[in-house]
$ cat model_36.pdb   # PDB, C-alpha atoms
ATOM      1  CA  MET A   1      44.626  -5.893  -6.212
ATOM      2  CA  ALA A   2      43.468  -3.074  -8.510
ATOM      3  CA  ALA A   3      44.362  -5.119 -11.604
ATOM      4  CA  ASP A   4      42.368  -8.093 -10.289
ATOM      5  CA  MET A   5      39.322  -5.907  -9.704
ATOM      6  CA  GLU A   6      39.428  -4.656 -13.282
ATOM      7  CA  THR A   7      39.093  -8.221 -14.619
ATOM      8  CA  VAL A   8      35.801  -8.843 -12.795
ATOM      9  CA  LEU A   9      32.894  -8.768 -15.262
ATOM     10  CA  TYR A  10      29.201  -8.383 -14.482
ATOM     11  CA  GLU A  11      26.614  -9.668 -16.909
ATOM     12  CA  LEU A  12      23.267  -7.871 -17.110
ATOM     13  CA  LEU A  13      20.509 -10.195 -18.305
ATOM     14  CA  VAL A  14      17.253  -8.828 -19.747
ATOM     15  CA  ARG A  15      14.363 -11.002 -18.566
ATOM     16  CA  ALA A  16      11.476  -8.837 -19.757
ATOM     17  CA  GLU A  17      10.840  -5.683 -21.737
ATOM     18  CA  TRP A  18       7.729  -3.554 -22.010
ATOM     19  CA  PRO A  19       6.962  -1.093 -24.809
ATOM     20  CA  CYS A  20       6.947   2.578 -23.898
ATOM     21  CA  GLU A  21       3.559   4.173 -23.377
ATOM     22  CA  HIS A  22       2.298   6.514 -26.068
ATOM     23  CA  GLU A  23       3.072  10.115 -25.280
ATOM     24  CA  ALA A  24       0.090  12.338 -24.618
ATOM     25  CA  GLN A  25      -0.872  14.560 -27.530
ATOM     26  CA  PRO A  26      -0.288  18.278 -26.937
ATOM     27  CA  ARG A  27      -3.417  20.075 -25.804
ATOM     28  CA  THR A  28      -4.938  22.900 -27.761
ATOM     29  CA  SER A  29      -5.525  26.330 -26.237
ATOM     30  CA  ASN A  30      -9.240  25.568 -25.817
ATOM     31  CA  GLU A  31      -8.456  22.332 -23.984
ATOM     32  CA  PHE A  32      -6.032  24.171 -21.713
ATOM     33  CA  VAL A  33      -8.675  26.786 -20.829
ATOM     34  CA  MET A  34     -11.220  24.053 -20.109
ATOM     35  CA  THR A  35      -8.751  22.157 -17.928
ATOM     36  CA  THR A  36      -7.952  25.288 -15.917
ATOM     37  CA  PHE A  37     -11.660  25.933 -15.384
ATOM     38  CA  VAL A  38     -12.282  22.370 -14.208
ATOM     39  CA  LYS A  39      -9.345  22.524 -11.797
ATOM     40  CA  LYS A  40     -10.799  25.657 -10.201
ATOM     41  CA  LEU A  41     -14.223  24.037 -10.021
ATOM     42  CA  CYS A  42     -13.112  20.729  -8.503
ATOM     43  CA  SER A  43     -12.304  22.216  -5.091
ATOM     44  CA  SER A  44     -16.031  22.790  -4.475
ATOM     45  CA  LEU A  45     -17.234  19.446  -5.801
ATOM     46  CA  SER A  46     -17.602  16.067  -4.170
ATOM     47  CA  GLY A  47     -19.739  12.950  -4.367
ATOM     48  CA  PRO A  48     -21.805  12.447  -7.570
ATOM     49  CA  LEU A  49     -20.559  15.587  -9.346
ATOM     50  CA  TRP A  50     -16.938  14.558  -8.814
ATOM     51  CA  PHE A  51     -17.796  11.057 -10.055
ATOM     52  CA  ILE A  52     -19.301  12.506 -13.263
ATOM     53  CA  LEU A  53     -16.250  14.653 -13.966
ATOM     54  CA  HIS A  54     -13.888  11.769 -13.232
ATOM     55  CA  ASN A  55     -15.631   9.461 -15.693
ATOM     56  CA  ALA A  56     -15.964  12.228 -18.266
ATOM     57  CA  GLY A  57     -12.212  12.086 -18.784
ATOM     58  CA  TYR A  58     -10.795  14.694 -16.380
ATOM     59  CA  ARG A  59      -8.510  12.221 -14.671
ATOM     60  CA  HIS A  60      -5.756  14.776 -14.204
ATOM     61  CA  ILE A  61      -7.863  16.791 -11.726
ATOM     62  CA  PRO A  62      -6.027  17.135  -8.418
ATOM     63  CA  SER A  63      -7.368  15.469  -5.310
ATOM     64  CA  CYS A  64     -10.152  17.116  -3.341
ATOM     65  CA  SER A  65      -8.443  16.050  -0.120
ATOM     66  CA  SER A  66      -6.197  18.476   1.741
ATOM     67  CA  LEU A  67      -2.684  17.060   1.626
ATOM     68  CA  PRO A  68       0.624  18.884   2.147
ATOM     69  CA  ALA A  69       1.993  20.279  -1.105
ATOM     70  CA  GLY A  70       5.409  18.755  -0.367
ATOM     71  CA  LEU A  71       3.902  15.282  -0.006
ATOM     72  CA  MET A  72       1.993  15.647  -3.284
ATOM     73  CA  GLN A  73       5.150  16.779  -5.061
ATOM     74  CA  LEU A  74       7.186  13.907  -3.626
ATOM     75  CA  ALA A  75       4.590  11.351  -4.698
ATOM     76  CA  SER A  76       4.403  12.804  -8.208
ATOM     77  CA  LEU A  77       8.123  12.074  -8.674
ATOM     78  CA  GLN A  78       7.658   8.339  -8.146
ATOM     79  CA  MET A  79       7.205   5.789 -10.913
ATOM     80  CA  ASN A  80       3.706   4.905 -12.079
ATOM     81  CA  TRP A  81       4.564   1.204 -12.084
ATOM     82  CA  LYS A  82       5.376  -0.811  -8.970
ATOM     83  CA  LEU A  83       7.613  -3.861  -8.480
ATOM     84  CA  MET A  84       7.305  -6.161  -5.476
ATOM     85  CA  MET A  85       9.183  -9.386  -4.779
ATOM     86  CA  SER A  86       7.736 -11.965  -2.400
ATOM     87  CA  SER A  87       9.682 -12.600   0.801
ATOM     88  CA  ASN A  88      10.629 -16.104  -0.374
ATOM     89  CA  LEU A  89      12.056 -14.574  -3.603
ATOM     90  CA  LYS A  90       9.931 -16.890  -5.755
ATOM     91  CA  LEU A  91       7.357 -14.464  -7.189
ATOM     92  CA  LEU A  92       7.550 -10.972  -8.661
ATOM     93  CA  ALA A  93       4.537  -8.660  -9.065
ATOM     94  CA  VAL A  94       4.767  -5.961 -11.738
ATOM     95  CA  VAL A  95       1.977  -3.395 -11.307
ATOM     96  CA  GLN A  96       1.186  -1.752 -14.644
ATOM     97  CA  ASP A  97      -1.577   0.611 -15.776
ATOM     98  CA  GLN A  98      -4.512  -1.797 -15.888
ATOM     99  CA  HIS A  99      -3.135  -5.137 -14.777
ATOM    100  CA  ILE A 100      -0.529  -6.829 -12.591
ATOM    101  CA  GLU A 101       1.894  -9.341 -14.043
ATOM    102  CA  ILE A 102       3.068 -12.175 -11.787
ATOM    103  CA  ARG A 103       6.385 -13.770 -12.738
ATOM    104  CA  SER A 104       8.098 -16.797 -11.209
ATOM    105  CA  SER A 105      11.726 -17.520 -10.359
ATOM    106  CA  LYS A 106      11.394 -21.001 -11.912
ATOM    107  CA  ASP A 107      12.340 -19.552 -15.309
ATOM    108  CA  ASP A 108      14.251 -16.535 -13.960
ATOM    109  CA  PHE A 109      11.107 -14.377 -14.203
ATOM    110  CA  GLY A 110      11.124 -14.705 -17.985
ATOM    111  CA  SER A 111       7.431 -15.535 -18.447
ATOM    112  CA  VAL A 112       4.123 -14.442 -16.935
ATOM    113  CA  VAL A 113       2.480 -17.082 -14.690
ATOM    114  CA  GLY A 114      -0.443 -14.928 -13.564
ATOM    115  CA  ARG A 115      -2.241 -11.735 -14.522
ATOM    116  CA  CYS A 116      -4.519  -9.596 -12.345
ATOM    117  CA  ALA A 117      -6.900  -7.028 -13.811
ATOM    118  CA  VAL A 118      -6.986  -3.684 -11.965
ATOM    119  CA  PRO A 119      -8.765  -0.438 -12.919
ATOM    120  CA  ARG A 120      -6.795   2.447 -14.378
ATOM    121  CA  ASP A 121      -5.826   4.862 -11.612
ATOM    122  CA  ALA A 122      -5.905   8.652 -11.887
ATOM    123  CA  PHE A 123      -2.996   8.846  -9.425
ATOM    124  CA  PRO A 124      -0.914   5.684 -10.052
ATOM    125  CA  GLN A 125       1.972   6.884  -7.841
ATOM    126  CA  TRP A 126      -0.266   6.354  -4.792
ATOM    127  CA  ARG A 127      -0.836   2.657  -5.454
ATOM    128  CA  HIS A 128       0.724  -0.007  -3.238
ATOM    129  CA  VAL A 129       1.223  -3.760  -3.499
ATOM    130  CA  CYS A 130       2.479  -6.423  -1.085
ATOM    131  CA  TRP A 131       2.804 -10.202  -0.763
ATOM    132  CA  ASN A 132       1.995 -12.281   2.279
ATOM    133  CA  PHE A 133       4.739 -14.282   4.004
ATOM    134  CA  ASP A 134       4.522 -17.396   1.783
ATOM    135  CA  GLY A 135       3.529 -15.800  -1.539
ATOM    136  CA  THR A 136      -0.023 -17.174  -1.607
ATOM    137  CA  LEU A 137      -1.772 -13.787  -1.370
ATOM    138  CA  LEU A 138      -1.165 -10.498  -3.185
ATOM    139  CA  ALA A 139      -2.765  -7.246  -1.979
ATOM    140  CA  HIS A 140      -3.104  -4.171  -4.199
ATOM    141  CA  SER A 141      -4.480  -0.759  -3.180
ATOM    142  CA  ASP A 142      -5.390   2.121  -5.469
ATOM    143  CA  SER A 143      -5.193   5.845  -4.752
ATOM    144  CA  SER A 144      -8.696   5.963  -3.258
ATOM    145  CA  GLY A 145      -7.944   3.233  -0.706
ATOM    146  CA  HIS A 146      -9.748   0.443  -2.572
ATOM    147  CA  ILE A 147      -8.016  -2.895  -1.835
ATOM    148  CA  PHE A 148      -7.936  -5.955  -4.099
ATOM    149  CA  ILE A 149      -6.582  -9.306  -2.910
ATOM    150  CA  PHE A 150      -5.500 -11.908  -5.484
ATOM    151  CA  ASP A 151      -4.080 -15.407  -5.477
ATOM    152  CA  PRO A 152      -0.712 -16.168  -7.195
ATOM    153  CA  ILE A 153      -2.341 -16.872 -10.578
ATOM    154  CA  GLY A 154      -4.342 -13.638 -10.653
ATOM    155  CA  ASN A 155      -7.805 -14.645  -9.406
ATOM    156  CA  LEU A 156      -9.588 -11.936  -7.407
ATOM    157  CA  LEU A 157     -10.398 -13.283  -3.937
ATOM    158  CA  PHE A 158     -11.606 -10.282  -1.960
ATOM    159  CA  ASN A 159     -12.534  -6.702  -2.582
ATOM    160  CA  ILE A 160     -12.323  -4.254   0.352
ATOM    161  CA  VAL A 161     -13.954  -0.866  -0.228
ATOM    162  CA  PRO A 162     -13.080   2.116   2.021
ATOM    163  CA  ALA A 163     -15.877   3.323   4.252
ATOM    164  CA  ALA A 164     -15.723   6.916   2.999
ATOM    165  CA  GLY A 165     -14.216   9.049   0.279
ATOM    166  CA  CYS A 166     -14.899   9.790  -3.378
ATOM    167  CA  ILE A 167     -13.128   8.964  -6.611
ATOM    168  CA  GLY A 168     -10.077  11.153  -6.907
ATOM    169  CA  ASP A 169      -9.993  11.806  -3.150
ATOM    170  CA  LEU A 170      -6.628  10.858  -1.653
ATOM    171  CA  SER A 171      -7.809  11.087   1.959
ATOM    172  CA  GLN A 172      -8.137   7.274   2.028
ATOM    173  CA  ALA A 173      -4.890   6.610   0.147
ATOM    174  CA  VAL A 174      -2.756   3.856   1.646
ATOM    175  CA  ALA A 175       0.721   4.578   3.002
ATOM    176  CA  CYS A 176       1.579   0.946   3.715
ATOM    177  CA  MET A 177       0.136  -2.581   3.714
ATOM    178  CA  VAL A 178       1.631  -5.385   5.790
ATOM    179  CA  PHE A 179       0.748  -9.073   5.941
ATOM    180  CA  LEU A 180       1.185 -10.843   9.303
ATOM    181  CA  LYS A 181       0.972 -14.501  10.123
ATOM    182  CA  CYS A 182      -2.354 -15.303  11.721
ATOM    183  CA  ASP A 183      -2.317 -16.871  15.185
ATOM    184  CA  ASP A 184      -5.597 -18.676  14.507
ATOM    185  CA  ASN A 185      -4.414 -20.418  11.324
ATOM    186  CA  THR A 186      -7.260 -22.957  11.494
ATOM    187  CA  ARG A 187      -9.805 -20.322  10.395
ATOM    188  CA  TRP A 188      -7.769 -17.557   8.765
ATOM    189  CA  SER A 189      -4.874 -17.606   6.337
ATOM    190  CA  ALA A 190      -3.331 -14.216   7.186
ATOM    191  CA  GLN A 191      -3.773 -10.851   8.874
ATOM    192  CA  LEU A 192      -3.564  -7.697   6.756
ATOM    193  CA  LEU A 193      -2.675  -4.303   8.251
ATOM    194  CA  VAL A 194      -3.667  -1.297   6.141
ATOM    195  CA  ILE A 195      -2.281   2.114   7.184
ATOM    196  CA  THR A 196      -3.560   5.254   5.459
ATOM    197  CA  ILE A 197      -1.508   8.381   4.882
ATOM    198  CA  HIS A 198      -3.468  10.073   7.669
ATOM    199  CA  GLY A 199      -2.325   7.462  10.180
ATOM    200  CA  LEU A 200      -5.402   5.236  10.503
ATOM    201  CA  LEU A 201      -4.579   1.523  10.778
ATOM    202  CA  THR A 202      -7.215  -1.108  10.026
ATOM    203  CA  SER A 203      -6.623  -4.809  10.630
ATOM    204  CA  TYR A 204      -8.312  -7.525   8.571
ATOM    205  CA  LEU A 205      -8.288 -11.297   8.904
ATOM    206  CA  ILE A 206      -8.225 -12.947   5.466
ATOM    207  CA  GLY A 207     -10.197 -16.148   5.032
ATOM    208  CA  LEU A 208      -8.875 -19.461   3.785
ATOM    209  CA  ASN A 209     -11.236 -19.316   0.794
ATOM    210  CA  THR A 210     -13.543 -16.896  -1.016
ATOM    211  CA  SER A 211     -16.678 -18.157   0.765
ATOM    212  CA  GLN A 212     -15.252 -17.233   4.155
ATOM    213  CA  GLY A 213     -14.513 -13.646   3.146
ATOM    214  CA  TYR A 214     -12.604 -11.307   5.417
ATOM    215  CA  LYS A 215     -13.141  -9.848   8.862
ATOM    216  CA  GLU A 216     -12.206  -6.446  10.263
ATOM    217  CA  THR A 217     -10.799  -6.977  13.753
ATOM    218  CA  HIS A 218      -9.655  -3.598  15.052
ATOM    219  CA  ARG A 219      -8.570  -0.061  14.230
ATOM    220  CA  PHE A 220      -5.767   2.068  15.598
ATOM    221  CA  SER A 221      -4.735   5.677  15.041
ATOM    222  CA  PHE A 222      -1.195   7.084  14.846
ATOM    223  CA  ARG A 223      -2.447  10.660  14.429
ATOM    224  CA  HIS A 224      -1.452  11.650  17.959
ATOM    225  CA  HIS A 225       2.185  10.976  17.033
ATOM    226  CA  TYR A 226       1.867  11.883  13.345
ATOM    227  CA  PRO A 227      -0.681  14.711  12.923
ATOM    228  CA  ARG A 228       0.922  15.585   9.570
ATOM    229  CA  GLY A 229       0.560  12.067   8.228
ATOM    230  CA  ILE A 230       2.559   8.866   7.705
ATOM    231  CA  ASN A 231       4.940   8.133   4.848
ATOM    232  CA  THR A 232       5.446   4.387   5.260
ATOM    233  CA  ALA A 233       5.878   1.533   7.741
ATOM    234  CA  ILE A 234       7.915  -1.687   7.865
ATOM    235  CA  TYR A 235       7.113  -4.817   9.853
ATOM    236  CA  ASN A 236       9.789  -7.056  11.428
ATOM    237  CA  PRO A 237       8.241 -10.519  11.864
ATOM    238  CA  ALA A 238      11.173 -11.856  13.908
ATOM    239  CA  HIS A 239      10.521  -9.392  16.741
ATOM    240  CA  ARG A 240       6.868  -8.495  15.984
ATOM    241  CA  VAL A 241       7.551  -4.762  15.790
ATOM    242  CA  LEU A 242       6.310  -2.105  13.396
ATOM    243  CA  LEU A 243       8.635   0.722  12.354
ATOM    244  CA  VAL A 244       6.607   3.788  11.335
ATOM    245  CA  ALA A 245       8.028   6.806   9.459
ATOM    246  CA  GLY A 246       6.463  10.228   9.044
ATOM    247  CA  SER A 247       6.658  13.893   9.965
ATOM    248  CA  ASN A 248       7.019  14.331  13.723
ATOM    249  CA  SER A 249       4.432  16.281  15.664
ATOM    250  CA  GLY A 250       6.758  19.180  16.369
ATOM    251  CA  ASP A 251       6.633  18.580  20.137
ATOM    252  CA  SER A 252       9.747  17.870  22.158
ATOM    253  CA  PRO A 253      10.854  14.392  21.006
ATOM    254  CA  THR A 254      11.508  11.761  23.667
ATOM    255  CA  SER A 255      14.236  10.020  21.666
ATOM    256  CA  THR A 256      16.628  10.642  18.782
ATOM    257  CA  THR A 257      14.673   8.325  16.482
ATOM    258  CA  GLU A 258      11.405  10.133  17.210
ATOM    259  CA  ALA A 259      13.128  13.420  16.363
ATOM    260  CA  CYS A 260      13.813  11.929  12.909
ATOM    261  CA  GLY A 261      10.149  10.960  12.496
ATOM    262  CA  LEU A 262      10.677   7.259  13.322
ATOM    263  CA  THR A 263       8.766   5.349  15.974
ATOM    264  CA  LEU A 264       8.847   1.669  16.930
ATOM    265  CA  TRP A 265       5.656  -0.147  17.962
ATOM    266  CA  ARG A 266       5.227  -3.609  19.471
ATOM    267  CA  VAL A 267       2.470  -5.639  17.826
ATOM    268  CA  LEU A 268       0.400  -7.095  20.665
ATOM    269  CA  SER A 269      -2.061  -9.976  20.597
ATOM    270  CA  GLY A 270      -4.898  -7.873  22.004
ATOM    271  CA  PRO A 271      -5.946  -4.345  22.996
ATOM    272  CA  PRO A 272      -4.450  -1.800  22.597
ATOM    273  CA  HIS A 273      -2.848  -3.946  19.826
ATOM    274  CA  TYR A 274       0.162  -1.616  19.425
ATOM    275  CA  LYS A 275       2.472  -0.219  22.084
ATOM    276  CA  LEU A 276       5.025   2.523  21.526
ATOM    277  CA  VAL A 277       8.630   1.677  22.378
ATOM    278  CA  GLU A 278       9.823   4.831  24.106
ATOM    279  CA  SER A 279      13.531   4.020  24.464
ATOM    280  CA  ASP A 280      16.292   4.022  21.856
ATOM    281  CA  TYR A 281      17.861   1.016  23.583
ATOM    282  CA  VAL A 282      15.303  -1.695  24.133
ATOM    283  CA  ASP A 283      15.149  -5.462  23.963
ATOM    284  CA  VAL A 284      12.700  -5.965  21.107
ATOM    285  CA  GLY A 285      12.491  -9.643  21.948
ATOM    286  CA  LYS A 286      10.529  -8.954  25.130
ATOM    287  CA  GLU A 287       7.412 -11.063  25.523
ATOM    288  CA  GLU A 288       4.287  -9.399  24.055
ATOM    289  CA  GLU A 289       1.184  -8.792  26.110
ATOM    290  CA  GLU A 290      -1.609 -11.326  25.769
ATOM    291  CA  ALA A 291      -5.281 -10.413  25.386
ATOM    292  CA  LEU A 292      -8.360 -11.496  23.463
ATOM    293  CA  LEU A 293      -9.488  -9.910  20.214
ATOM    294  CA  PRO A 294     -12.764  -7.940  20.304
ATOM    295  CA  THR A 295     -15.847  -9.927  19.377
ATOM    296  CA  SER A 296     -17.418  -7.196  17.241
ATOM    297  CA  TYR A 297     -16.341  -7.130  13.626
ATOM    298  CA  THR A 298     -17.368  -6.353  10.096
ATOM    299  CA  SER A 299     -17.162  -9.061   7.450
ATOM    300  CA  GLY A 300     -17.557  -9.146   3.691
ATOM    301  CA  MET A 301     -16.840 -11.082   0.526
ATOM    302  CA  VAL A 302     -16.960 -10.693  -3.224
TER     303      VAL A 302
END
$ encode --input "model_36.pdb" --output "structure tokens"
Amino acid sequence: MAADMETVLYELLVRAEWPCEHEAQPRTSNEFVMTTFVKKLCSSLSGPLWFILHNAGYRHIPSCSSLPAGLMQLASLQMNWKLMMSSNLKLLAVVQDQHIEIRSSKDDFGSVVGRCAVPRDAFPQWRHVCWNFDGTLLAHSDSSGHIFIFDPIGNLLFNIVPAAGCIGDLSQAVACMVFLKCDDNTRWSAQLLVITIHGLLTSYLIGLNTSQGYKETHRFSFRHHYPRGINTAIYNPAHRVLLVAGSNSGDSPTSTTEACGLTLWRVLSGPPHYKLVESDYVDVGKEEEEALLPTSYTSGMV
């Protein structure tokens, strides 16, 4: 058996290569002193002054938001680029510095079939990207919580701007984005859930075309269960449940999974929209509650 295993060969095929980025030039002592001064100054700045400094070239200034040092360190260890495969395994999105390449499985991802322009990000490790269920929509979020939605060939469809925050502020940074199938598929193509690192979930309905725009349907907060923030979340479409991961509240956990910082939430059709599953052993196929969506909403378009 051992001899047979040694004869098995694996072939590694290179489908694409990208040149290495130019290394930053070493800073002079004067530049180092100026950088240190700006870092000390940034903690007291916000709004227009922060915007001026950001566009003046001080893109390495740390965020003015208060985030745990451990979370900042963990994020800094991640890659600047992001890779995301569509659920049907037909499209691959490669998030680079200032654009997103879209590659197709038709030629084994050897050529670029679409290209999306995105602004350079001061904190590229905090960017996120996701496909919808059939690969017809691609969502990209930057470190300030700004969301861009593209079609498979790279055309910008919608542009969702966070309600608050300044450039360089990570308080609106996204922890996870999830596309859901829309129940009302006659008017809307998909539902997008956006969860920030502070545990605020916002739901949007995405229109069938650019003239229809998007519609905010509801908001939900996980801060009661995750006062220290959320790391990520995964959606299971087969059972309509959302698995959320983060630092637990420190209170006495009600289950072994909650003690590990994991909670399971049913996605409901109406208010309260999400219901915590409080047992480790539960039939996730139980029928969801039915209710109507709220009539008040906020809409927008490019």
$ atom_distance --input "model_36.pdb" --atom1 "atom CA of A:Cys260" --atom2 "atom CA of A:Gly229"
14.1 Å
$ resolve_selection --input "model_36.pdb" --expression "the PyMOL selection byres ((chain A and resi 133) around 9)" --output "PDB file with C-alpha atoms, keeping the file's coordinate frame"
ATOM      1  CA  SER A  86       7.736 -11.965  -2.400  1.00  0.00           C
ATOM      2  CA  SER A  87       9.682 -12.600   0.801  1.00  0.00           C
ATOM      3  CA  ASN A  88      10.629 -16.104  -0.374  1.00  0.00           C
ATOM      4  CA  TRP A 131       2.804 -10.202  -0.763  1.00  0.00           C
ATOM      5  CA  ASN A 132       1.995 -12.281   2.279  1.00  0.00           C
ATOM      6  CA  ASP A 134       4.522 -17.396   1.783  1.00  0.00           C
ATOM      7  CA  GLY A 135       3.529 -15.800  -1.539  1.00  0.00           C
ATOM      8  CA  THR A 136      -0.023 -17.174  -1.607  1.00  0.00           C
ATOM      9  CA  LEU A 137      -1.772 -13.787  -1.370  1.00  0.00           C
ATOM     10  CA  PHE A 179       0.748  -9.073   5.941  1.00  0.00           C
ATOM     11  CA  LEU A 180       1.185 -10.843   9.303  1.00  0.00           C
ATOM     12  CA  LYS A 181       0.972 -14.501  10.123  1.00  0.00           C
ATOM     13  CA  ALA A 190      -3.331 -14.216   7.186  1.00  0.00           C
TER      14      ALA A 190
END
$ axis_aligned_box --input "model_36.pdb" --around "stretch 263-281 of chain A" --padding-each-side "8 Å" --output "JSON"
{"center_x": 6.0, "center_y": -2.3, "center_z": 20.2, "size_x": 39.8, "size_y": 31.3, "size_z": 24.5}
$ residues_near_point --input "model_36.pdb" --point "(5.1, 4.3, -14.2)" --cutoff "12 Å" --atoms "all atoms listed in the file" --output "ChimeraX atom specification"
/A:18,20-21,75-83,94-98,121,123-127
$ resolve_selection --input "model_36.pdb" --expression "the PyMOL selection byres ((chain A and resi 154) around 6)" --output "list in words"
Gly114, Arg115, Cys116, Phe150, Asp151, Pro152, Ile153 and Asn155 of chain A
$ atom_distance --input "model_36.pdb" --atom1 "atom CA of A:Asn209" --atom2 "atom CA of A:Leu193"
18.8 Å
$ resolve_selection --input "model_36.pdb" --expression "the PyMOL selection byres ((chain A and resi 266) around 6)" --output "JSON, numbers by chain"
{"A": [241, 265, 267, 274, 275]}
$ atom_distance --input "model_36.pdb" --atom1 "atom CA of A:Leu13" --atom2 "atom CA of A:Val113"
19.6 Å
$ residues_around --input "model_36.pdb" --residues "A:Arg103" --least-positions-apart "6" --cutoff "9 Å" --atoms "only C-alpha atoms" --output "list in words"
Lys90, Leu91, Leu92, Ala93, Val94, Phe109, Gly110, Ser111, Val112, Val113 and Gly114 of chain A
$ closest_residue --input "model_36.pdb" --among "A:Ile149, A:Val161, A:Leu9, A:Ala259" --to "A:Ile206" --atoms "all atoms listed in the file"
A:Ile149
$ residues_around --input "model_36.pdb" --residues "stretch 142-146 of chain A" --least-positions-apart "4" --cutoff "9 Å" --atoms "all atoms listed in the file" --output "list in words"
Val118, Pro119, Asp121, Ala122, Phe123, Pro124, Gln125, Trp126, Arg127, His128, Asn159, Ile160, Val161, Pro162, Gly165, Cys166, Ile167, Gly168, Asp169, Leu170, Ser171, Gln172, Ala173, Val174 and Thr196 of chain A
$ closest_residue --input "model_36.pdb" --among "A:Ile100, A:Ala245, A:Pro271, A:Ile234" --to "A:Phe220" --atoms "all atoms listed in the file"
A:Pro271
$ closest_residue --input "model_36.pdb" --among "A:Leu74, A:Leu242, A:Met85, A:Leu205" --to "A:Glu101" --atoms "all atoms listed in the file"
A:Met85
$ closest_residue --input "model_36.pdb" --among "A:Asp183, A:Leu268, A:Met72, A:Leu157" --to "A:Ile197" --atoms "only C-alpha atoms"
A:Met72
